[in-house]
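coords.tsv, holding TSV, C-alpha atoms and all ligand atoms:
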chain	number	residue	atom	x	y	z
A	10	MET	CA	108.12	130.98	177.94
A	11	ASN	CA	104.33	131.08	178.12
A	12	VAL	CA	102.70	134.35	177.06
A	13	LEU	CA	99.03	135.16	177.53
A	14	HIS	CA	97.71	137.89	175.25
A	15	ILE	CA	94.44	139.56	176.21
A	16	CYS	CA	93.12	141.85	173.48
A	17	ALA	CA	90.44	144.36	174.46
A	18	ASN	CA	89.83	146.17	171.20
A	19	PRO	CA	86.99	145.47	168.72
A	20	ARG	CA	88.55	147.42	165.83
A	21	PRO	CA	90.29	145.77	162.85
A	22	VAL	CA	94.07	145.80	163.06
A	23	GLU	CA	94.47	148.13	160.07
A	24	GLU	CA	92.46	150.80	161.90
A	25	SER	CA	93.74	150.19	165.43
A	26	ALA	CA	96.99	151.66	166.72
A	27	SER	CA	97.05	149.39	169.78
A	28	LYS	CA	96.54	146.27	167.67
A	29	GLN	CA	99.38	147.43	165.41
A	30	LEU	CA	101.58	147.65	168.51
A	31	ALA	CA	100.54	144.06	169.26
A	32	THR	CA	101.43	142.96	165.73
A	33	ALA	CA	104.87	144.56	166.08
A	34	PHE	CA	105.38	143.12	169.58
A	35	PHE	CA	104.42	139.54	168.72
A	36	GLY	CA	106.21	139.65	165.36
A	37	LYS	CA	109.44	140.52	167.16
A	38	LEU	CA	108.80	138.13	170.06
A	39	LEU	CA	108.24	135.10	167.82
A	40	GLU	CA	111.20	136.08	165.62
A	41	THR	CA	113.59	136.31	168.60
A	42	ASN	CA	112.07	133.53	170.68
A	43	PRO	CA	110.58	130.67	168.64
A	44	ASP	CA	109.95	128.63	171.82
A	45	VAL	CA	107.19	130.95	173.00
A	46	THR	CA	103.85	129.34	173.78
A	47	LEU	CA	101.26	131.99	172.96
A	48	ASN	CA	97.65	131.96	174.16
A	49	ASN	CA	95.52	134.63	172.48
A	50	VAL	CA	92.22	135.71	174.02
A	51	ASP	CA	90.16	138.21	172.05
A	52	LEU	CA	87.72	139.53	174.64
A	53	TYR	CA	85.24	140.49	171.93
A	54	GLU	CA	85.14	136.83	170.86
A	55	GLN	CA	85.13	135.41	174.40
A	56	PRO	CA	83.40	138.18	176.37
A	57	PRO	CA	83.74	138.03	180.15
A	58	PRO	CA	80.55	138.25	182.16
A	59	TYR	CA	80.33	140.87	184.86
A	60	LEU	CA	81.25	139.30	188.17
A	61	SER	CA	77.93	138.04	189.54
A	62	LEU	CA	76.88	137.27	193.10
A	63	GLU	CA	76.97	133.55	192.28
A	64	ALA	CA	80.52	133.73	190.87
A	65	TYR	CA	81.57	135.92	193.78
A	66	ASN	CA	80.23	133.34	196.25
A	67	ARG	CA	81.89	130.43	194.44
A	68	LEU	CA	85.27	132.16	194.44
A	69	THR	CA	85.30	133.69	197.91
A	70	LYS	CA	83.26	131.42	200.19
A	71	PRO	CA	85.77	128.53	200.20
A	72	PHE	CA	88.09	130.90	202.09
A	73	VAL	CA	85.62	132.33	204.58
A	74	GLN	CA	82.90	129.74	205.12
A	75	PRO	CA	84.02	126.30	206.35
A	76	GLY	CA	82.07	123.48	204.71
A	77	TYR	CA	80.79	125.72	201.89
A	78	GLN	CA	79.31	123.69	199.04
A	79	PRO	CA	78.64	125.62	195.84
A	80	THR	CA	75.27	125.37	194.14
A	81	ALA	CA	75.13	124.28	190.51
A	82	LYS	CA	74.31	127.89	189.60
A	83	GLU	CA	77.36	129.18	191.48
A	84	GLU	CA	79.61	126.58	189.85
A	85	LYS	CA	78.35	127.54	186.39
A	86	ALA	CA	78.73	131.25	187.13
A	87	ALA	CA	82.42	130.80	187.99
A	88	ALA	CA	83.27	128.73	184.89
A	89	TYR	CA	84.66	131.69	182.91
A	90	ALA	CA	86.88	132.76	185.83
A	91	PHE	CA	88.28	129.24	186.26
A	92	ALA	CA	88.90	128.79	182.52
A	93	GLN	CA	90.68	132.13	182.16
A	94	GLY	CA	92.42	131.53	185.49
A	95	GLU	CA	94.00	128.38	184.04
A	96	LEU	CA	95.44	130.42	181.17
A	97	LEU	CA	96.68	133.03	183.62
A	98	LYS	CA	98.30	130.43	185.88
A	99	GLN	CA	100.29	128.99	182.96
A	100	ALA	CA	101.57	132.42	181.87
A	101	ASP	CA	105.02	133.83	182.59
A	102	VAL	CA	104.14	137.08	180.82
A	103	LEU	CA	100.75	138.74	180.38
A	104	VAL	CA	100.26	141.17	177.49
A	105	LEU	CA	97.24	143.49	177.48
A	106	THR	CA	96.32	145.25	174.24
A	107	LEU	CA	93.85	148.10	174.67
A	108	PRO	CA	92.74	151.56	173.64
A	109	LEU	CA	92.38	154.21	176.33
A	110	TRP	CA	88.66	154.73	176.81
A	111	GLY	CA	87.34	157.21	179.33
A	112	GLY	CA	90.82	157.75	180.73
A	113	SER	CA	91.30	154.07	181.58
A	114	ALA	CA	90.74	150.52	180.31
A	115	PRO	CA	87.71	149.56	178.21
A	116	ALA	CA	85.02	148.04	180.45
A	117	ILE	CA	85.46	144.65	178.80
A	118	LEU	CA	89.04	144.45	180.07
A	119	LYS	CA	88.02	145.56	183.57
A	120	ALA	CA	85.38	142.81	183.49
A	121	TRP	CA	88.10	140.25	182.61
A	122	LEU	CA	90.35	141.53	185.38
A	123	ASP	CA	87.46	141.28	187.85
A	124	GLN	CA	87.04	137.62	186.87
A	125	VAL	CA	90.67	136.59	187.32
A	126	ALA	CA	91.98	138.85	190.10
A	127	MET	CA	90.01	136.75	192.59
A	128	PRO	CA	90.85	134.46	195.48
A	129	GLY	CA	91.43	130.91	194.34
A	130	ILE	CA	92.29	132.17	190.85
A	131	ALA	CA	95.17	134.67	191.09
A	132	PHE	CA	95.88	134.51	194.81
A	133	GLU	CA	95.11	132.81	198.07
A	134	PRO	CA	94.15	135.01	201.00
A	135	SER	CA	96.27	134.53	204.12
A	136	PRO	CA	96.89	136.44	207.35
A	137	GLU	CA	100.21	137.56	205.82
A	138	GLY	CA	98.45	138.97	202.77
A	139	PRO	CA	97.60	137.64	199.32
A	140	LYS	CA	99.73	134.65	198.27
A	141	PRO	CA	100.16	134.45	194.47
A	142	LEU	CA	98.70	131.37	192.77
A	143	HIS	CA	100.33	132.30	189.46
A	144	GLN	CA	103.84	132.44	188.04
A	145	LEU	CA	103.52	135.76	186.23
A	146	ARG	CA	106.76	137.69	186.25
A	147	LYS	CA	105.80	140.56	183.97
A	148	VAL	CA	102.81	142.45	182.61
A	149	ILE	CA	103.12	144.39	179.35
A	150	LEU	CA	100.55	146.93	178.17
A	151	LEU	CA	100.18	147.94	174.53
A	152	VAL	CA	98.06	151.07	174.65
A	153	SER	CA	96.78	153.73	172.30
A	154	SER	CA	95.17	157.07	173.19
A	155	GLY	CA	93.69	159.96	171.25
A	156	ASP	CA	95.18	162.69	173.43
A	157	VAL	CA	98.81	163.45	174.03
A	158	TYR	CA	99.45	161.90	177.43
A	159	LYS	CA	100.61	158.57	178.70
A	160	GLU	CA	101.55	156.67	181.82
A	161	GLY	CA	102.73	158.91	184.65
A	162	ASP	CA	100.52	161.84	183.60
A	163	PRO	CA	98.00	162.98	186.25
A	164	ARG	CA	95.23	162.55	183.64
A	165	ASP	CA	96.01	158.83	183.29
A	166	GLY	CA	93.58	156.61	185.14
A	167	LEU	CA	94.83	153.36	183.59
A	168	MET	CA	98.16	152.77	185.27
A	169	PRO	CA	97.04	153.44	188.86
A	170	MET	CA	94.40	150.73	188.40
A	171	ILE	CA	96.83	148.31	186.73
A	172	ASN	CA	99.65	148.94	189.22
A	173	GLY	CA	97.28	148.58	192.17
A	174	LEU	CA	95.69	145.38	190.92
A	175	PHE	CA	98.85	143.57	189.85
A	176	GLY	CA	100.81	144.83	192.84
A	177	TYR	CA	98.17	143.22	195.04
A	178	ILE	CA	98.77	139.83	193.44
A	179	GLY	CA	102.54	140.23	193.58
A	180	VAL	CA	103.47	141.50	190.10
A	181	THR	CA	105.40	144.76	190.07
A	182	ASP	CA	107.30	144.39	186.79
A	183	ILE	CA	104.94	146.30	184.50
A	184	GLU	CA	106.06	147.73	181.15
A	185	VAL	CA	104.14	149.91	178.70
A	186	ALA	CA	104.36	150.83	175.02
A	187	TRP	CA	101.87	153.65	174.52
A	188	ALA	CA	100.97	155.32	171.23
A	189	ASP	CA	99.50	158.64	172.33
A	190	GLY	CA	98.18	161.47	170.16
A	191	GLN	CA	96.36	159.05	167.87
A	192	ASP	CA	93.59	161.49	166.99
A	193	PRO	CA	94.85	162.43	163.52
A	194	VAL	CA	92.60	165.50	163.27
A	195	MET	CA	93.99	167.08	166.42
A	196	HIS	CA	97.55	165.77	166.22
A	197	GLY	CA	99.42	165.99	162.94
A	198	ASP	CA	102.25	163.86	164.29
A	199	SER	CA	100.11	160.83	165.14
A	200	ALA	CA	101.93	158.58	162.65
A	201	ASP	CA	105.32	159.50	164.13
A	202	ARG	CA	104.00	158.87	167.64
A	203	LYS	CA	102.67	155.49	166.60
A	204	GLN	CA	105.99	154.56	165.01
A	205	MET	CA	107.83	155.44	168.24
A	206	ALA	CA	105.45	153.21	170.19
A	207	VAL	CA	105.88	150.38	167.64
A	208	GLU	CA	109.63	150.54	168.22
A	209	ALA	CA	109.10	150.60	172.00
A	210	ALA	CA	106.86	147.51	171.71
A	211	GLN	CA	109.54	145.70	169.68
A	212	GLU	CA	112.15	146.58	172.30
A	213	LEU	CA	109.93	145.16	175.04
A	214	ALA	CA	109.66	141.94	173.03
A	215	GLU	CA	113.45	141.77	172.66
A	216	ASP	CA	113.87	142.45	176.39
A	217	ILE	CA	111.67	139.57	177.51
A	218	SER	CA	113.36	137.25	175.01
A	219	SER	CA	116.75	138.02	176.58
A	220	GLU	CA	115.57	137.76	180.20
A	221	PRO	CA	116.24	134.45	181.98
B	301	LIG	C1	84.66	155.48	174.15
B	301	LIG	C2	85.98	156.17	173.88
B	301	LIG	C3	86.61	156.84	174.92
B	301	LIG	C4	87.84	157.45	174.71
B	301	LIG	N1	88.45	158.06	175.76
B	301	LIG	C5	89.68	158.60	175.58
B	301	LIG	C6	90.37	159.20	176.67
B	301	LIG	O1	89.88	159.26	177.79
B	301	LIG	N2	91.59	159.73	176.45
B	301	LIG	C7	92.19	159.68	175.22
B	301	LIG	O2	93.30	160.15	175.08
B	301	LIG	N3	91.56	159.11	174.16
B	301	LIG	C8	90.34	158.56	174.31
B	301	LIG	N4	89.70	157.96	173.26
B	301	LIG	C9	90.40	157.89	171.96
B	301	LIG	C10	91.11	156.55	171.78
B	301	LIG	O3	91.93	156.24	172.89
B	301	LIG	C11	91.99	156.61	170.53
B	301	LIG	O4	91.16	156.77	169.40
B	301	LIG	C12	92.88	155.38	170.37
B	301	LIG	O5	93.74	155.57	169.29
B	301	LIG	C13	92.09	154.14	170.10
B	301	LIG	O6	92.97	153.04	170.00
B	301	LIG	P1	92.94	152.07	168.72
B	301	LIG	O7	93.42	152.88	167.56
B	301	LIG	O8	93.87	150.97	169.07
B	301	LIG	O9	91.52	151.61	168.56
B	301	LIG	C14	88.45	157.39	173.42
B	301	LIG	C15	87.81	156.71	172.38
B	301	LIG	C16	86.58	156.11	172.60
B	301	LIG	C17	85.90	155.38	171.47
Would you put the structure from the file into structure tokens?
Amino acid sequence: MNVLHICANPRPVEESASKQLATAFFGKLLETNPDVTLNNVDLYEQPPPYLSLEAYNRLTKPFVQPGYQPTAKEEKAAAYAFAQGELLKQADVLVLTLPLWGGSAPAILKAWLDQVAMPGIAFEPSPEGPKPLHQLRKVILLVSSGDVYKEGDPRDGLMPMINGLFGYIGVTDIEVAWADGQDPVMHGDSADRKQMAVEAAQELAEDISSEP
């Protein structure tokens, strides 16, 4: 099984609830499934550019403009998308580790998604709709928030974006371990909440190890 881990959190693991979920998840995954091939991408070490006009042209024009030849600038601008797209195409499972910022994903993760959720990378446009160019069967989110709410709450802006984006490219199996209430000043039970999410993350790791 090939697992791609995208981490969108600049904080050290000892201070970050979402990174502690990732530690628990991958600890359990590698313990129960030693054959896992794991690709780790720390977005703060390999920051995605914002999708530029040149990258946009390079990725979309092959599908809409017969005879399109990219310029050297367009080719260069799309290099990050193609490199990350290769990692995505090899993955059976994608794991996203992130804090909730502004009710949704940190901008750096949205920038990564904008790079890879593109034609020629994640899907091929067709009259029947987007045809997946990947083999992803599952997306797992390891999330931490300061307030007490998680996926399914009307205040959550993360999951509608994630469900919409991955649904578009044909992935509907999306699981979440979410440590909410992680503001320790406002929520005296933040450690208990984190522990529950750690256990949920470990269960998700066990689940994917037992799936065919
Ligand atoms: C820029 C910023 C925006 C935030 N926005 C929210 C938010 O909309 N909702 C929320 O519950 N917590 C919000 N928080 C709090 C974080 O989600 C919370 O501290 C979380 O535990 C951070 O995860 P980490 O411990 O893995 O870094 C925000 C924090 C920052 C720095």
Hey, which residues come within 8 Å of ligand LIG 301 (chain B) if we count all atoms listed in the file? Could you give them as an MDAnalysis selection string? chainID A and resid 18:20 22 24:29 107:113 115 152:158 188:192
Residues proximal to (103.7, 133.3, 182.1) were defined as those with any atom within 9 Å of that point in the file's coordinates, counting all atoms listed in the file. Which are they, as an mmCIF file with C-alpha atoms, in the coordinates of the input?
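Saved the output as selection_32.cif:
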data_model
loop_
_atom_site.group_PDB
_atom_site.id
_atom_site.type_symbol
_atom_site.label_atom_id
_atom_site.label_comp_id
_atom_site.auth_asym_id
_atom_site.auth_seq_id
_atom_site.Cartn_x
_atom_site.Cartn_y
_atom_site.Cartn_z
ATOM 1 C CA MET A 10 108.120 130.980 177.940
ATOM 2 C CA ASN A 11 104.330 131.080 178.120
ATOM 3 C CA VAL A 12 102.700 134.350 177.060
ATOM 4 C CA LEU A 13 99.030 135.160 177.530
ATOM 5 C CA LEU A 96 95.440 130.420 181.170
ATOM 6 C CA LEU A 97 96.680 133.030 183.620
ATOM 7 C CA LYS A 98 98.300 130.430 185.880
ATOM 8 C CA GLN A 99 100.290 128.990 182.960
ATOM 9 C CA ALA A 100 101.570 132.420 181.870
ATOM 10 C CA ASP A 101 105.020 133.830 182.590
ATOM 11 C CA VAL A 102 104.140 137.080 180.820
ATOM 12 C CA LEU A 103 100.750 138.740 180.380
ATOM 13 C CA HIS A 143 100.330 132.300 189.460
ATOM 14 C CA GLN A 144 103.840 132.440 188.040
ATOM 15 C CA LEU A 145 103.520 135.760 186.230
ATOM 16 C CA ARG A 146 106.760 137.690 186.250
ATOM 17 C CA LYS A 147 105.800 140.560 183.970
#
Considering only C-alpha atoms, return as a VMD selection string whatever protein or nucleic-acid residues lie within 7 Å of stretch 54-58 of chain A, sequence-local ones (same chain, fewer than 3 positions apart) excluded. chain A and resid 51 89 117 120 to 121
Output C-alpha atoms for every residue in the selection just made, as a PDB file, keeping the file's coordinate frame.
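Result saved to part08.pdb:
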ATOM      1  CA  ASP A  51      90.160 138.210 172.050  1.00  0.00           C
ATOM      2  CA  TYR A  89      84.660 131.690 182.910  1.00  0.00           C
ATOM      3  CA  ILE A 117      85.460 144.650 178.800  1.00  0.00           C
ATOM      4  CA  ALA A 120      85.380 142.810 183.490  1.00  0.00           C
ATOM      5  CA  TRP A 121      88.100 140.250 182.610  1.00  0.00           C
TER       6      TRP A 121
END
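With distances restricted to all atoms listed in the file, A:Glu63 is the closest residue to A:Thr80 from A:Glu208, A:Glu160, A:Glu63, A:Glu23.
With only C-alpha atoms taken into account, the protein and nucleic acid residues at most 7 Å from A:Thr106 (excluding it and anything under 2 positions from it in its own chain) are Ile15, Cys16, Ala17, Ser27, Lys28, Ala31, Val104, Leu150, Leu151 and Val152 of chain A.
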Which polymer residues, protein or nucleic acid, are no farther than 9 Å from (88.6, 133.4, 184.4), counting all atoms listed in the file, as a PDB file with C-alpha atoms, in the frame of the given file?
ATOM      1  CA  PRO A  57      83.740 138.030 180.150  1.00  0.00           C
ATOM      2  CA  ALA A  87      82.420 130.800 187.990  1.00  0.00           C
ATOM      3  CA  ALA A  88      83.270 128.730 184.890  1.00  0.00           C
ATOM      4  CA  TYR A  89      84.660 131.690 182.910  1.00  0.00           C
ATOM      5  CA  ALA A  90      86.880 132.760 185.830  1.00  0.00           C
ATOM      6  CA  PHE A  91      88.280 129.240 186.260  1.00  0.00           C
ATOM      7  CA  ALA A  92      88.900 128.790 182.520  1.00  0.00           C
ATOM      8  CA  GLN A  93      90.680 132.130 182.160  1.00  0.00           C
ATOM      9  CA  GLY A  94      92.420 131.530 185.490  1.00  0.00           C
ATOM     10  CA  GLU A  95      94.000 128.380 184.040  1.00  0.00           C
ATOM     11  CA  LEU A  96      95.440 130.420 181.170  1.00  0.00           C
ATOM     12  CA  LEU A  97      96.680 133.030 183.620  1.00  0.00           C
ATOM     13  CA  TRP A 121      88.100 140.250 182.610  1.00  0.00           C
ATOM     14  CA  LEU A 122      90.350 141.530 185.380  1.00  0.00           C
ATOM     15  CA  ASP A 123      87.460 141.280 187.850  1.00  0.00           C
ATOM     16  CA  GLN A 124      87.040 137.620 186.870  1.00  0.00           C
ATOM     17  CA  VAL A 125      90.670 136.590 187.320  1.00  0.00           C
ATOM     18  CA  ALA A 126      91.980 138.850 190.100  1.00  0.00           C
ATOM     19  CA  MET A 127      90.010 136.750 192.590  1.00  0.00           C
ATOM     20  CA  ILE A 130      92.290 132.170 190.850  1.00  0.00           C
TER      21      ILE A 130
END
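Straight-line separation from atom CA of A:Pro71 to atom CA of A:Gly138: 16.6 Å.
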